[in-house]
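Just my_file.cif here, mmCIF, C-alpha atoms:
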data_target
#
loop_
_atom_site.label_atom_id
_atom_site.label_comp_id
_atom_site.auth_asym_id
_atom_site.auth_seq_id
_atom_site.Cartn_x
_atom_site.Cartn_y
_atom_site.Cartn_z
CA MET A 1 52.66 120.38 136.51
CA ALA A 2 50.33 123.38 136.29
CA LYS A 3 47.45 120.95 135.69
CA PHE A 4 48.56 118.85 138.66
CA TRP A 5 48.61 121.67 141.20
CA LYS A 6 45.25 123.17 140.22
CA PRO A 7 43.11 124.47 141.92
CA HIS A 8 45.55 125.21 144.76
CA VAL A 9 48.26 127.17 142.96
CA GLU A 10 47.07 130.28 141.14
CA SER A 11 48.76 132.58 138.65
CA GLU A 12 48.85 135.38 141.25
CA HIS A 13 51.02 133.32 143.59
CA LYS A 14 54.70 134.11 143.98
CA VAL A 15 56.47 130.99 142.67
CA LEU A 16 60.09 130.00 143.33
CA GLU A 17 61.75 127.20 141.37
CA LEU A 18 64.78 125.56 142.94
CA GLY A 19 67.16 124.47 140.19
CA CYS A 20 65.61 126.51 137.40
CA ASN A 21 68.45 125.93 134.89
CA VAL A 22 67.78 128.02 131.74
CA GLY A 23 64.19 128.60 132.81
CA ALA A 24 62.05 126.25 130.69
CA ASN A 25 59.62 125.55 133.55
CA LEU A 26 59.43 129.20 134.56
CA GLU A 27 58.86 130.24 130.93
CA THR A 28 55.96 127.78 130.67
CA LEU A 29 54.45 129.27 133.82
CA ARG A 30 54.99 132.81 132.47
CA LEU A 31 53.14 131.87 129.29
CA LEU A 32 50.31 130.49 131.45
CA GLY A 33 49.94 133.90 133.09
CA PHE A 34 52.09 133.57 136.20
CA THR A 35 53.60 136.98 136.87
CA SER A 36 55.69 136.63 140.04
CA LEU A 37 58.41 134.11 139.26
CA ALA A 38 61.84 133.55 140.81
CA GLY A 39 64.52 130.90 140.77
CA VAL A 40 67.67 129.59 142.37
CA GLU A 41 70.27 128.04 140.07
CA ILE A 42 73.75 126.75 140.85
CA ASN A 43 75.04 127.10 137.27
CA PRO A 44 75.74 130.71 136.22
CA GLU A 45 76.14 129.63 132.58
CA ALA A 46 72.56 128.31 132.54
CA VAL A 47 71.27 131.65 133.83
CA LYS A 48 73.36 133.47 131.23
CA LEU A 49 71.87 131.23 128.53
CA MET A 50 68.38 132.12 129.79
CA SER A 51 68.98 135.67 128.57
CA SER A 52 69.14 134.49 124.95
CA VAL A 53 66.76 131.49 125.07
CA PHE A 54 63.99 133.20 127.08
CA PRO A 55 64.76 136.95 126.96
CA ASP A 56 61.32 138.05 128.20
CA LEU A 57 61.55 135.69 131.17
CA TYR A 58 65.12 136.76 131.89
CA ARG A 59 64.02 140.40 132.01
CA ASP A 60 61.18 139.67 134.46
CA VAL A 61 62.48 136.86 136.68
CA ASN A 62 64.68 137.16 139.75
CA VAL A 63 67.24 134.32 139.76
CA LYS A 64 69.73 133.88 142.59
CA ILE A 65 72.89 132.07 141.56
CA GLY A 66 74.42 129.62 144.01
CA SER A 67 73.86 126.31 145.77
CA LEU A 68 70.68 125.63 147.71
CA ASP A 69 72.83 125.26 150.84
CA ASP A 70 74.14 128.80 150.37
CA ARG A 71 71.12 130.63 148.92
CA LEU A 72 68.10 129.30 150.83
CA PRO A 73 69.20 130.55 154.29
CA LEU A 74 69.37 134.07 152.79
CA LEU A 75 65.73 134.07 151.65
CA ALA A 76 63.10 135.57 153.96
CA THR A 77 60.60 133.41 155.84
CA ASP A 78 57.29 133.10 153.94
CA SER A 79 58.78 134.96 150.98
CA SER A 80 57.25 132.67 148.30
CA ASP A 81 53.74 131.31 148.07
CA VAL A 82 54.93 128.21 146.23
CA ILE A 83 58.30 126.46 145.97
CA PHE A 84 58.74 123.74 143.37
CA THR A 85 61.51 121.46 142.20
CA MET A 86 61.85 119.18 139.21
CA ALA A 87 64.56 116.51 139.37
CA VAL A 88 66.72 118.67 141.66
CA LEU A 89 66.17 117.42 145.21
CA MET A 90 67.35 113.97 144.12
CA HIS A 91 70.86 115.49 144.00
CA VAL A 92 70.75 116.85 147.56
CA HIS A 93 73.33 114.97 149.61
CA PRO A 94 72.03 113.44 152.86
CA LYS A 95 74.36 115.79 154.78
CA SER A 96 72.34 118.70 153.34
CA ASN A 97 68.91 117.64 154.64
CA ASN A 98 68.49 121.10 156.19
CA ILE A 99 67.46 122.22 152.70
CA PHE A 100 64.02 120.69 153.28
CA SER A 101 63.39 122.66 156.48
CA GLU A 102 64.57 125.79 154.67
CA MET A 103 62.00 125.13 151.94
CA VAL A 104 59.25 124.87 154.56
CA ARG A 105 60.43 128.09 156.20
CA ILE A 106 60.42 130.03 152.92
CA ALA A 107 57.15 128.66 151.46
CA ARG A 108 54.03 130.47 152.61
CA LYS A 109 51.46 128.05 151.12
CA TYR A 110 52.72 125.12 149.05
CA ILE A 111 55.69 122.95 148.15
CA VAL A 112 55.59 120.89 144.96
CA THR A 113 58.13 118.15 144.25
CA VAL A 114 58.56 116.50 140.86
CA GLU A 115 61.22 113.96 141.71
CA PRO A 116 62.19 110.31 141.25
CA GLU A 117 61.95 108.50 144.58
CA PHE A 118 63.21 105.01 143.81
CA ALA A 119 66.94 104.82 143.03
CA ASN A 120 70.28 105.58 144.66
CA TYR A 121 73.40 105.77 142.54
CA GLY A 122 76.36 108.08 142.23
CA TYR A 123 75.02 111.55 142.86
CA VAL A 124 71.31 110.56 143.14
CA PHE A 125 69.81 110.12 146.60
CA SER A 126 66.25 108.79 146.64
CA ARG A 127 63.76 109.87 149.30
CA ASN A 128 60.09 109.52 150.00
CA TYR A 129 59.17 113.22 149.93
CA ARG A 130 55.83 112.56 151.61
CA ARG A 131 57.70 111.41 154.71
CA VAL A 132 60.32 114.16 154.45
CA PHE A 133 57.80 117.01 154.34
CA GLN A 134 55.22 115.47 156.69
CA LYS A 135 57.94 115.24 159.36
CA LEU A 136 58.37 118.99 158.87
CA GLY A 137 54.68 119.70 159.46
CA CYS A 138 53.41 119.75 155.87
CA ALA A 139 50.30 117.92 154.69
CA GLN A 140 50.30 116.10 151.37
CA LEU A 141 47.31 117.25 149.33
CA SER A 142 47.88 115.02 146.30
CA SER A 143 50.39 112.84 144.50
CA VAL A 144 50.74 110.95 141.28
CA THR A 145 53.52 108.73 139.94
CA ILE A 146 53.89 109.07 136.19
CA GLY A 147 53.92 105.74 134.39
CA ILE A 148 52.33 104.01 137.37
CA ASP A 149 49.30 106.13 138.31
CA ALA A 150 49.05 107.85 134.92
CA THR A 151 50.66 107.16 131.58
CA ASN A 152 50.28 108.96 128.28
CA ASP A 153 52.48 110.03 125.40
CA GLU A 154 53.08 113.50 126.88
CA THR A 155 54.62 112.12 130.08
CA ALA A 156 56.56 109.13 128.72
CA ASP A 157 59.91 110.84 129.36
CA TYR A 158 59.06 111.21 133.04
CA HIS A 159 58.21 107.55 133.78
CA GLY A 160 58.66 106.88 137.50
CA ILE A 161 58.68 110.53 138.57
CA THR A 162 56.41 111.30 141.53
CA LEU A 163 54.61 114.64 141.73
CA ARG A 164 53.62 115.70 145.23
CA LEU A 165 51.74 118.78 146.41
CA PHE A 166 52.10 119.77 150.07
CA SER A 167 50.42 122.49 152.05
CA VAL A 168 52.74 124.27 154.43
CA SER A 169 51.64 124.82 158.01
CA ASN A 170 51.24 128.43 159.10
CA ASP A 171 52.48 127.39 162.57
CA LYS A 172 56.18 127.62 161.68
#
Starting from the file, give its structure as structure tokens.
Amino acid sequence: MAKFWKPHVESEHKVLELGCNVGANLETLRLLGFTSLAGVEINPEAVKLMSSVFPDLYRDVNVKIGSLDDRLPLLATDSSDVIFTMAVLMHVHPKSNNIFSEMVRIARKYIVTVEPEFANYGYVFSRNYRRVFQKLGCAQLSSVTIGIDATNDETADYHGITLRLFSVSNDK
């Protein structure tokens, strides 16, 4: 992902991950030199586990525990330079579509989605995130679908996932 969002996203940016779980993505960014990291996670046990799996990250990161529906409205407008998700938005119920406008409100510069966009079943709700965020005033800067646009051994587990990078309008 860090390769995908270059040269737009820089290590000085304040980055918020929605659905950070135990923090594997945030830890990777920390090791790449990102210093202002935060997360939102619905599962308190995952955040507790972060303290033993990634103790340095846990000490430095600010993670809010709760659902996106509950936590995002509490975050300040333009409070993060970058918001990203990885296989999280696919679980957002259609009745909770306000989450996307909250993401645009909170993000100062960019939104990055790493999500499947092709299947509906059970608790998975597919969307075309280009359309979702363009309707909210964002411009797609780039996209790639793993396994279709690019395939290699490193990304085989993510076949069919679409990465999208959006710039957020300053005219909120």
Task: Option closest in space to Gly33 in chain A, from A:Val15, A:Ile83, A:Ile146, A:Cys20 [counting only C-alpha atoms] - done: A:Val15
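Closest approach to Leu18 in chain A from the set A:Ser67, A:Thr162, A:Gln140, A:Asn97 is made by A:Ser67, with distances taken over only C-alpha atoms.
Across the model, the gap from CA of Phe34 in chain A to CA of Val104 in chain A is 21.5 Å.
Comparing A:Arg164, A:Gly19, A:Ala38, A:Val112 by their smallest distance to Val92 in chain A, the closest is A:Gly19 (using all atoms listed in the file).
Compared by their closest atoms to Arg71 in chain A, and using only C-alpha atoms, the residues A:Ala139, A:Met1, A:Leu89, A:Ile106 rank with A:Ile106 nearest.
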- [ ] Write out as a PyMOL selection string which residues come within 12 Å of Leu49 in chain A when counting all atoms listed in the file, dropping same-chain ones fewer than 5 positions away.
- [x] chain A and resi 20-24+43-44+54-55+57-58
Task: Distance of CA of Asp56 in chain A from CA of Lys109 in chain A, expressed in Å to one decimal place - done: 26.9 Å
Open item on the list: Measuring between all atoms listed in the file, which one of A:Trp5, A:Arg59, A:Gln134, A:Ser11 shows the shortest distance to Ser36 in chain A?
Closed with: A:Ser11
Open item on the list: Would you pick out the contacts of Ala119 in chain A at 12 Å or less, using only C-alpha atoms, so that residues sharing its chain but fewer than 6 positions from it are not included, and give the list as a VMD selection string?
Closed with: chain A and resid 90 to 91 125 to 128 160 to 161
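From CA of Leu165 in chain A back to CA of Val63 in chain A, the distance works out to 22.9 Å.
Using only C-alpha atoms, the smallest distance between any of A:Ile99, A:Val144, A:Leu16, A:Leu136 and Ser80 in chain A comes from A:Leu16.
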Please write out, as AutoDock Vina command-line options, where the centre of an axis-aligned box around all listed atoms of range 92-107 of chain A lies and how long its edges are, in Å to one decimal, after adding 3 Å on each side.
--center_x 65.8 --center_y 121.7 --center_z 152.0 --size_x 23.2 --size_y 22.6 --size_z 14.9
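Against the coordinates shown, the PyMOL selection byres ((chain A and resi 98) around 12) returns Leu68, Asp69, Asp70, Leu72, Pro73, Leu89, Val92, His93, Pro94, Lys95, Ser96, Asn97, Ile99, Phe100, Ser101, Glu102, Met103, Val104, Arg105, Val132, Phe133 and Leu136 of chain A.
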- [ ] Please tell me which residues are no farther than 12 Å from (44.7, 123.9, 145.0) in the file, counting all atoms listed in the file, and write them as a VMD selection string.
- [x] chain A and resid 2 to 11 13 82 109 to 112 140 to 142 165 to 167
